[in-house]
Amino acid sequence: MSGTSPEPDRRIDRNLFVTVSGPPGCGATTLVEGIAESLDCGYVSGGELFREVAAEREMSLSQLIAETGESEEIDRALDRRLRRIAEKWGTANKAFVLESRLAGWIAGNRADIRIWLDAPDEVRADRTADREEMTSEMQVREVIEEQRYKSYYDIDLNDRSIYDLVINTGRWDAEATLDLALTGIERYDVDADEGAFDTPDFEI
């Protein structure tokens with residue numbers, strides 16, 4: 001994400017379970033780190049879990065991505081791990097941030113605030129140019145994930161209705177994006193909340 005680093009000194013005393021989702025290069029990791037620091041809480045990144053699985057299996061990211069396209073086992077195991085994390089923190093009454101492309105759906109009604117980030121393809125490609133995963137591989141993974149979410153769980157990733165905040169990070173730098181998210185978190189009033197879109201649990 002271009003621009004200055006997220007503001008480090010804004011502290012918010014809220015015991016909220018927040019999810020952050022979006023495609024590769026959207027700035028999710030940067031935002032999650034900023035939110036976690038401001039809430040003084042922990043977080044889990046789906047991308048890091050994916051890399052851990054690759055390391056455990058002594059595979060490159062490209063190899064693991066290829067394998068996920070051929071078998072349900074890896075994807076479902078990762079999603080089950082994310083579901084267990086969501087179940088734990090959904091009842092903890094403590095601040096926590098969960099990040100993955102499917103985090104908002106997996107956390108469902110357990111989450112207090114669900115955020116979706118996105119940016120134009122060319123912006124995201126530029127941001128991920130120095131990663132181990134090449135732009136072409138990133139695009140392939142996106143297509144595979146969209147297809148599997150629809151096939152496995154009947155989830156349409158183009159449906160943004162479940163999200164409380166949708167931010168185009170191509171239009172704001174990292175600090176401004178964090179400010180937008182923190183403002184929503186800080187001003188969220190449980191008593192005035194008229195209800196999020198219902199997200200039924202699905203079998204993983």
# chains A, B, ... in the order shown; residues from 1 in each chain; ligands from 1
call {"tool": "select_by_dssp", "arguments": {"residues": "chain A", "states": "strand (DSSP E)", "output": "VMD selection string"}}
result
chain A and resid 17 to 21 42 to 45 96 to 99 113 to 118 165 to 168
call {"tool": "closest_atom_pairs", "arguments": {"of": "range 87-131 of chain A", "to": "range 38-42 of chain A", "cutoff": "12 Å", "atoms": "only C-alpha atoms", "output": "Markdown table"}}
result
| residue | atom | partner | partner_atom | distance |
| --- | --- | --- | --- | --- |
| A:Trp89 | CA | A:Gly42 | CA | 10.3 |
| A:Asn93 | CA | A:Cys41 | CA | 11.9 |
| A:Lys94 | CA | A:Cys41 | CA | 8.1 |
| A:Ala95 | CA | A:Cys41 | CA | 5.7 |
| A:Phe96 | CA | A:Gly42 | CA | 5.5 |
| A:Val97 | CA | A:Gly42 | CA | 6.6 |
| A:Leu98 | CA | A:Gly42 | CA | 8.8 |
| A:Glu99 | CA | A:Gly42 | CA | 11.3 |
call {"tool": "closest_residue", "arguments": {"among": "A:Glu73, A:Leu117, A:Arg10, A:Phe17", "to": "Leu31 in chain A", "atoms": "only C-alpha atoms"}}
result
A:Leu117
call {"tool": "select_by_dssp", "arguments": {"residues": "range 59-157 of chain A", "states": "helix (DSSP H, G or I)", "output": "mmCIF file with N, CA, C and O atoms, in the first residue's frame"}}
result
data_model
loop_
_atom_site.group_PDB
_atom_site.id
_atom_site.type_symbol
_atom_site.label_atom_id
_atom_site.label_comp_id
_atom_site.auth_asym_id
_atom_site.auth_seq_id
_atom_site.Cartn_x
_atom_site.Cartn_y
_atom_site.Cartn_z
ATOM 1 N N LEU A 61 5.112 -21.809 -2.325
ATOM 2 C CA LEU A 61 3.747 -21.309 -2.410
ATOM 3 C C LEU A 61 3.091 -21.751 -3.719
ATOM 4 O O LEU A 61 1.921 -22.125 -3.738
ATOM 5 N N SER A 62 3.862 -21.707 -4.797
ATOM 6 C CA SER A 62 3.329 -22.105 -6.104
ATOM 7 C C SER A 62 2.881 -23.566 -6.097
ATOM 8 O O SER A 62 1.826 -23.911 -6.633
ATOM 9 N N GLN A 63 3.683 -24.426 -5.472
ATOM 10 C CA GLN A 63 3.338 -25.840 -5.404
ATOM 11 C C GLN A 63 2.080 -26.066 -4.572
ATOM 12 O O GLN A 63 1.211 -26.861 -4.931
ATOM 13 N N LEU A 64 2.002 -25.350 -3.447
ATOM 14 C CA LEU A 64 0.835 -25.522 -2.583
ATOM 15 C C LEU A 64 -0.421 -24.990 -3.261
ATOM 16 O O LEU A 64 -1.500 -25.592 -3.158
ATOM 17 N N ILE A 65 -0.296 -23.866 -3.957
ATOM 18 C CA ILE A 65 -1.437 -23.313 -4.685
ATOM 19 C C ILE A 65 -1.923 -24.304 -5.730
ATOM 20 O O ILE A 65 -3.131 -24.530 -5.885
ATOM 21 N N ALA A 66 -0.977 -24.919 -6.434
ATOM 22 C CA ALA A 66 -1.351 -25.913 -7.448
ATOM 23 C C ALA A 66 -2.073 -27.090 -6.808
ATOM 24 O O ALA A 66 -3.056 -27.606 -7.355
ATOM 25 N N GLU A 67 -1.615 -27.504 -5.628
ATOM 26 C CA GLU A 67 -2.223 -28.654 -4.957
ATOM 27 C C GLU A 67 -3.630 -28.336 -4.468
ATOM 28 O O GLU A 67 -4.513 -29.201 -4.478
ATOM 29 N N THR A 68 -3.845 -27.086 -4.045
ATOM 30 C CA THR A 68 -5.191 -26.721 -3.590
ATOM 31 C C THR A 68 -6.195 -26.786 -4.731
ATOM 32 O O THR A 68 -7.396 -26.977 -4.495
ATOM 33 N N GLU A 73 -8.635 -31.033 0.484
ATOM 34 C CA GLU A 73 -8.128 -31.282 1.835
ATOM 35 C C GLU A 73 -7.418 -30.070 2.436
ATOM 36 O O GLU A 73 -7.668 -29.695 3.589
ATOM 37 N N ILE A 74 -6.522 -29.437 1.681
ATOM 38 C CA ILE A 74 -5.747 -28.317 2.223
ATOM 39 C C ILE A 74 -6.648 -27.132 2.507
ATOM 40 O O ILE A 74 -6.600 -26.527 3.588
ATOM 41 N N ASP A 75 -7.482 -26.779 1.542
ATOM 42 C CA ASP A 75 -8.364 -25.636 1.716
ATOM 43 C C ASP A 75 -9.291 -25.810 2.914
ATOM 44 O O ASP A 75 -9.449 -24.900 3.737
ATOM 45 N N ARG A 76 -9.910 -26.955 3.003
ATOM 46 C CA ARG A 76 -10.853 -27.180 4.093
ATOM 47 C C ARG A 76 -10.146 -27.219 5.457
ATOM 48 O O ARG A 76 -10.702 -26.756 6.457
ATOM 49 N N ALA A 77 -8.933 -27.755 5.495
ATOM 50 C CA ALA A 77 -8.176 -27.773 6.748
ATOM 51 C C ALA A 77 -7.860 -26.350 7.211
ATOM 52 O O ALA A 77 -7.978 -26.032 8.402
ATOM 53 N N LEU A 78 -7.468 -25.495 6.276
ATOM 54 C CA LEU A 78 -7.202 -24.095 6.613
ATOM 55 C C LEU A 78 -8.470 -23.397 7.084
ATOM 56 O O LEU A 78 -8.454 -22.654 8.075
ATOM 57 N N ASP A 79 -9.569 -23.645 6.393
ATOM 58 C CA ASP A 79 -10.829 -23.002 6.765
ATOM 59 C C ASP A 79 -11.331 -23.491 8.118
ATOM 60 O O ASP A 79 -11.890 -22.714 8.899
ATOM 61 N N ARG A 80 -11.122 -24.772 8.415
ATOM 62 C CA ARG A 80 -11.507 -25.275 9.734
ATOM 63 C C ARG A 80 -10.679 -24.611 10.827
ATOM 64 O O ARG A 80 -11.197 -24.307 11.911
ATOM 65 N N ARG A 81 -9.397 -24.391 10.549
ATOM 66 C CA ARG A 81 -8.543 -23.717 11.529
ATOM 67 C C ARG A 81 -9.027 -22.285 11.764
ATOM 68 O O ARG A 81 -9.086 -21.813 12.907
ATOM 69 N N LEU A 82 -9.393 -21.607 10.680
ATOM 70 C CA LEU A 82 -9.921 -20.245 10.798
ATOM 71 C C LEU A 82 -11.249 -20.243 11.553
ATOM 72 O O LEU A 82 -11.507 -19.349 12.369
ATOM 73 N N ARG A 83 -12.099 -21.245 11.310
ATOM 74 C CA ARG A 83 -13.379 -21.333 12.013
ATOM 75 C C ARG A 83 -13.165 -21.508 13.516
ATOM 76 O O ARG A 83 -13.857 -20.880 14.325
ATOM 77 N N ARG A 84 -12.205 -22.349 13.899
ATOM 78 C CA ARG A 84 -11.933 -22.547 15.331
ATOM 79 C C ARG A 84 -11.474 -21.245 15.975
ATOM 80 O O ARG A 84 -11.864 -20.933 17.110
ATOM 81 N N ILE A 85 -10.633 -20.493 15.267
ATOM 82 C CA ILE A 85 -10.176 -19.199 15.790
ATOM 83 C C ILE A 85 -11.353 -18.249 15.944
ATOM 84 O O ILE A 85 -11.488 -17.553 16.958
ATOM 85 N N ALA A 86 -12.236 -18.216 14.941
ATOM 86 C CA ALA A 86 -13.408 -17.339 14.991
ATOM 87 C C ALA A 86 -14.333 -17.719 16.140
ATOM 88 O O ALA A 86 -14.875 -16.848 16.833
ATOM 89 N N GLU A 87 -14.528 -19.012 16.360
ATOM 90 C CA GLU A 87 -15.388 -19.468 17.449
ATOM 91 C C GLU A 87 -14.813 -19.062 18.804
ATOM 92 O O GLU A 87 -15.547 -18.666 19.716
ATOM 93 N N LYS A 88 -13.490 -19.175 18.925
ATOM 94 C CA LYS A 88 -12.846 -18.814 20.188
ATOM 95 C C LYS A 88 -13.010 -17.327 20.487
ATOM 96 O O LYS A 88 -13.435 -16.946 21.587
ATOM 97 N N TRP A 89 -12.685 -16.487 19.514
ATOM 98 C CA TRP A 89 -12.681 -15.055 19.775
ATOM 99 C C TRP A 89 -14.065 -14.433 19.672
ATOM 100 O O TRP A 89 -14.298 -13.327 20.181
ATOM 101 N N GLY A 90 -15.000 -15.141 19.057
ATOM 102 C CA GLY A 90 -16.358 -14.627 18.983
ATOM 103 C C GLY A 90 -17.063 -14.620 20.324
ATOM 104 O O GLY A 90 -18.046 -13.905 20.512
ATOM 105 N N ALA A 103 -12.554 -14.566 5.835
ATOM 106 C CA ALA A 103 -12.732 -14.345 7.276
ATOM 107 C C ALA A 103 -14.116 -13.821 7.638
ATOM 108 O O ALA A 103 -14.708 -14.244 8.632
ATOM 109 N N GLY A 104 -14.639 -12.887 6.862
ATOM 110 C CA GLY A 104 -15.947 -12.328 7.170
ATOM 111 C C GLY A 104 -17.054 -13.361 7.120
ATOM 112 O O GLY A 104 -17.973 -13.360 7.945
ATOM 113 N N TRP A 105 -16.964 -14.271 6.145
ATOM 114 C CA TRP A 105 -17.952 -15.333 6.026
ATOM 115 C C TRP A 105 -17.763 -16.384 7.112
ATOM 116 O O TRP A 105 -18.741 -16.868 7.695
ATOM 117 N N ILE A 106 -16.516 -16.761 7.374
ATOM 118 C CA ILE A 106 -16.245 -17.799 8.380
ATOM 119 C C ILE A 106 -16.634 -17.325 9.773
ATOM 120 O O ILE A 106 -17.229 -18.065 10.555
ATOM 121 N N ALA A 107 -16.290 -16.079 10.102
ATOM 122 C CA ALA A 107 -16.658 -15.533 11.413
ATOM 123 C C ALA A 107 -18.162 -15.321 11.506
ATOM 124 O O ALA A 107 -18.772 -15.509 12.562
ATOM 125 N N GLY A 108 -18.771 -14.925 10.392
ATOM 126 C CA GLY A 108 -20.215 -14.732 10.355
ATOM 127 C C GLY A 108 -20.716 -13.784 11.425
ATOM 128 O O GLY A 108 -20.137 -12.717 11.665
ATOM 129 N N ASN A 109 -21.787 -14.191 12.105
ATOM 130 C CA ASN A 109 -22.407 -13.336 13.117
ATOM 131 C C ASN A 109 -21.579 -13.220 14.394
ATOM 132 O O ASN A 109 -21.928 -12.439 15.284
ATOM 133 N N ARG A 110 -20.487 -13.973 14.491
ATOM 134 C CA ARG A 110 -19.609 -13.852 15.658
ATOM 135 C C ARG A 110 -18.822 -12.541 15.622
ATOM 136 O O ARG A 110 -18.381 -12.046 16.660
ATOM 137 N N ASP A 121 -6.855 -3.883 -10.240
ATOM 138 C CA ASP A 121 -5.905 -4.968 -10.496
ATOM 139 C C ASP A 121 -4.477 -4.472 -10.676
ATOM 140 O O ASP A 121 -3.527 -5.065 -10.161
ATOM 141 N N GLU A 122 -4.304 -3.374 -11.434
ATOM 142 C CA GLU A 122 -2.955 -2.892 -11.708
ATOM 143 C C GLU A 122 -2.278 -2.377 -10.445
ATOM 144 O O GLU A 122 -1.060 -2.493 -10.283
ATOM 145 N N VAL A 123 -3.050 -1.825 -9.530
ATOM 146 C CA VAL A 123 -2.506 -1.348 -8.259
ATOM 147 C C VAL A 123 -2.045 -2.533 -7.417
ATOM 148 O O VAL A 123 -0.937 -2.537 -6.863
ATOM 149 N N ARG A 124 -2.877 -3.547 -7.340
ATOM 150 C CA ARG A 124 -2.529 -4.723 -6.539
ATOM 151 C C ARG A 124 -1.337 -5.471 -7.136
ATOM 152 O O ARG A 124 -0.479 -5.974 -6.412
ATOM 153 N N ALA A 125 -1.275 -5.529 -8.458
ATOM 154 C CA ALA A 125 -0.137 -6.191 -9.114
ATOM 155 C C ALA A 125 1.158 -5.471 -8.808
ATOM 156 O O ALA A 125 2.196 -6.103 -8.546
ATOM 157 N N ASP A 126 1.124 -4.152 -8.799
ATOM 158 C CA ASP A 126 2.320 -3.369 -8.498
ATOM 159 C C ASP A 126 2.763 -3.583 -7.048
ATOM 160 O O ASP A 126 3.959 -3.693 -6.764
ATOM 161 N N ARG A 127 1.822 -3.683 -6.152
ATOM 162 C CA ARG A 127 2.141 -3.863 -4.732
ATOM 163 C C ARG A 127 2.743 -5.232 -4.442
ATOM 164 O O ARG A 127 3.487 -5.402 -3.473
ATOM 165 N N THR A 135 2.606 -12.243 -10.048
ATOM 166 C CA THR A 135 1.287 -11.694 -10.339
ATOM 167 C C THR A 135 0.392 -12.717 -11.023
ATOM 168 O O THR A 135 -0.788 -12.867 -10.688
ATOM 169 N N SER A 136 0.938 -13.458 -11.983
ATOM 170 C CA SER A 136 0.142 -14.457 -12.688
ATOM 171 C C SER A 136 -0.341 -15.540 -11.740
ATOM 172 O O SER A 136 -1.487 -16.004 -11.824
ATOM 173 N N GLU A 137 0.522 -15.947 -10.792
ATOM 174 C CA GLU A 137 0.142 -16.965 -9.812
ATOM 175 C C GLU A 137 -0.927 -16.418 -8.870
ATOM 176 O O GLU A 137 -1.842 -17.136 -8.474
ATOM 177 N N MET A 138 -0.794 -15.147 -8.510
ATOM 178 C CA MET A 138 -1.777 -14.498 -7.655
ATOM 179 C C MET A 138 -3.150 -14.508 -8.331
ATOM 180 O O MET A 138 -4.168 -14.829 -7.702
ATOM 181 N N GLN A 139 -3.171 -14.196 -9.626
ATOM 182 C CA GLN A 139 -4.431 -14.168 -10.353
ATOM 183 C C GLN A 139 -5.042 -15.558 -10.462
ATOM 184 O O GLN A 139 -6.257 -15.720 -10.334
ATOM 185 N N VAL A 140 -4.190 -16.563 -10.682
ATOM 186 C CA VAL A 140 -4.679 -17.939 -10.736
ATOM 187 C C VAL A 140 -5.280 -18.337 -9.400
ATOM 188 O O VAL A 140 -6.358 -18.952 -9.334
ATOM 189 N N ARG A 141 -4.598 -17.988 -8.308
ATOM 190 C CA ARG A 141 -5.109 -18.329 -6.976
ATOM 191 C C ARG A 141 -6.457 -17.667 -6.715
ATOM 192 O O ARG A 141 -7.353 -18.275 -6.126
ATOM 193 N N GLU A 142 -6.606 -16.426 -7.148
ATOM 194 C CA GLU A 142 -7.877 -15.739 -6.960
ATOM 195 C C GLU A 142 -9.011 -16.480 -7.653
ATOM 196 O O GLU A 142 -10.091 -16.675 -7.083
ATOM 197 N N VAL A 143 -8.770 -16.901 -8.892
ATOM 198 C CA VAL A 143 -9.798 -17.619 -9.651
ATOM 199 C C VAL A 143 -10.123 -18.947 -8.986
ATOM 200 O O VAL A 143 -11.295 -19.320 -8.829
ATOM 201 N N ILE A 144 -9.069 -19.676 -8.567
ATOM 202 C CA ILE A 144 -9.273 -20.965 -7.900
ATOM 203 C C ILE A 144 -10.095 -20.779 -6.627
ATOM 204 O O ILE A 144 -11.037 -21.539 -6.358
ATOM 205 N N GLU A 145 -9.751 -19.764 -5.839
ATOM 206 C CA GLU A 145 -10.453 -19.538 -4.582
ATOM 207 C C GLU A 145 -11.910 -19.176 -4.820
ATOM 208 O O GLU A 145 -12.810 -19.673 -4.134
ATOM 209 N N GLU A 146 -12.175 -18.316 -5.784
ATOM 210 C CA GLU A 146 -13.548 -17.936 -6.079
ATOM 211 C C GLU A 146 -14.372 -19.150 -6.480
ATOM 212 O O GLU A 146 -15.519 -19.308 -6.054
ATOM 213 N N GLN A 147 -13.778 -19.999 -7.298
ATOM 214 C CA GLN A 147 -14.491 -21.194 -7.754
ATOM 215 C C GLN A 147 -14.744 -22.165 -6.611
ATOM 216 O O GLN A 147 -15.829 -22.739 -6.500
ATOM 217 N N ARG A 148 -13.729 -22.347 -5.764
ATOM 218 C CA ARG A 148 -13.906 -23.324 -4.693
ATOM 219 C C ARG A 148 -14.884 -22.834 -3.639
ATOM 220 O O ARG A 148 -15.674 -23.614 -3.105
ATOM 221 N N TYR A 149 -14.878 -21.531 -3.320
ATOM 222 C CA TYR A 149 -15.822 -21.022 -2.333
ATOM 223 C C TYR A 149 -17.258 -21.216 -2.819
ATOM 224 O O TYR A 149 -18.154 -21.536 -2.039
ATOM 225 N N LYS A 150 -17.459 -21.025 -4.102
ATOM 226 C CA LYS A 150 -18.793 -21.228 -4.673
ATOM 227 C C LYS A 150 -19.152 -22.704 -4.675
ATOM 228 O O LYS A 150 -20.272 -23.093 -4.311
ATOM 229 N N SER A 151 -18.182 -23.543 -5.038
ATOM 230 C CA SER A 151 -18.424 -24.982 -5.126
ATOM 231 C C SER A 151 -18.584 -25.620 -3.747
ATOM 232 O O SER A 151 -19.506 -26.402 -3.517
ATOM 233 N N TYR A 152 -17.684 -25.280 -2.828
ATOM 234 C CA TYR A 152 -17.692 -25.915 -1.513
ATOM 235 C C TYR A 152 -18.803 -25.377 -0.609
ATOM 236 O O TYR A 152 -19.491 -26.140 0.067
ATOM 237 N N TYR A 153 -18.927 -24.043 -0.576
ATOM 238 C CA TYR A 153 -19.771 -23.416 0.436
ATOM 239 C C TYR A 153 -20.922 -22.589 -0.135
ATOM 240 O O TYR A 153 -21.682 -21.988 0.622
#
call {"tool": "atom_distance", "arguments": {"atom1": "CA of Glu52 in chain A", "atom2": "CA of Thr177 in chain A"}}
result
27.8 Å
call {"tool": "residues_around", "arguments": {"residues": "Ser161 in chain A", "least_positions_apart": "3", "cutoff": "12 Å", "atoms": "only C-alpha atoms", "output": "PyMOL selection string"}}
result
chain A and resi 104-105+114-116+155-158+164-166+196-199
call {"tool": "atom_distance", "arguments": {"atom1": "CA of Ala111 in chain A", "atom2": "CA of Leu16 in chain A"}}
result
7.8 Å
call {"tool": "closest_residue", "arguments": {"among": "A:Glu175, A:Glu186, A:Asp201, A:Glu72", "to": "Asp13 in chain A", "atoms": "only C-alpha atoms"}}
result
A:Glu186
call {"tool": "atom_distance", "arguments": {"atom1": "CA of Asp112 in chain A", "atom2": "CA of Ile185 in chain A"}}
result
9.1 Å
call {"tool": "closest_residue", "arguments": {"among": "A:Arg14, A:Glu56, A:Gly69, A:Ser100", "to": "Val44 in chain A", "atoms": "only C-alpha atoms"}}
result
A:Ser100
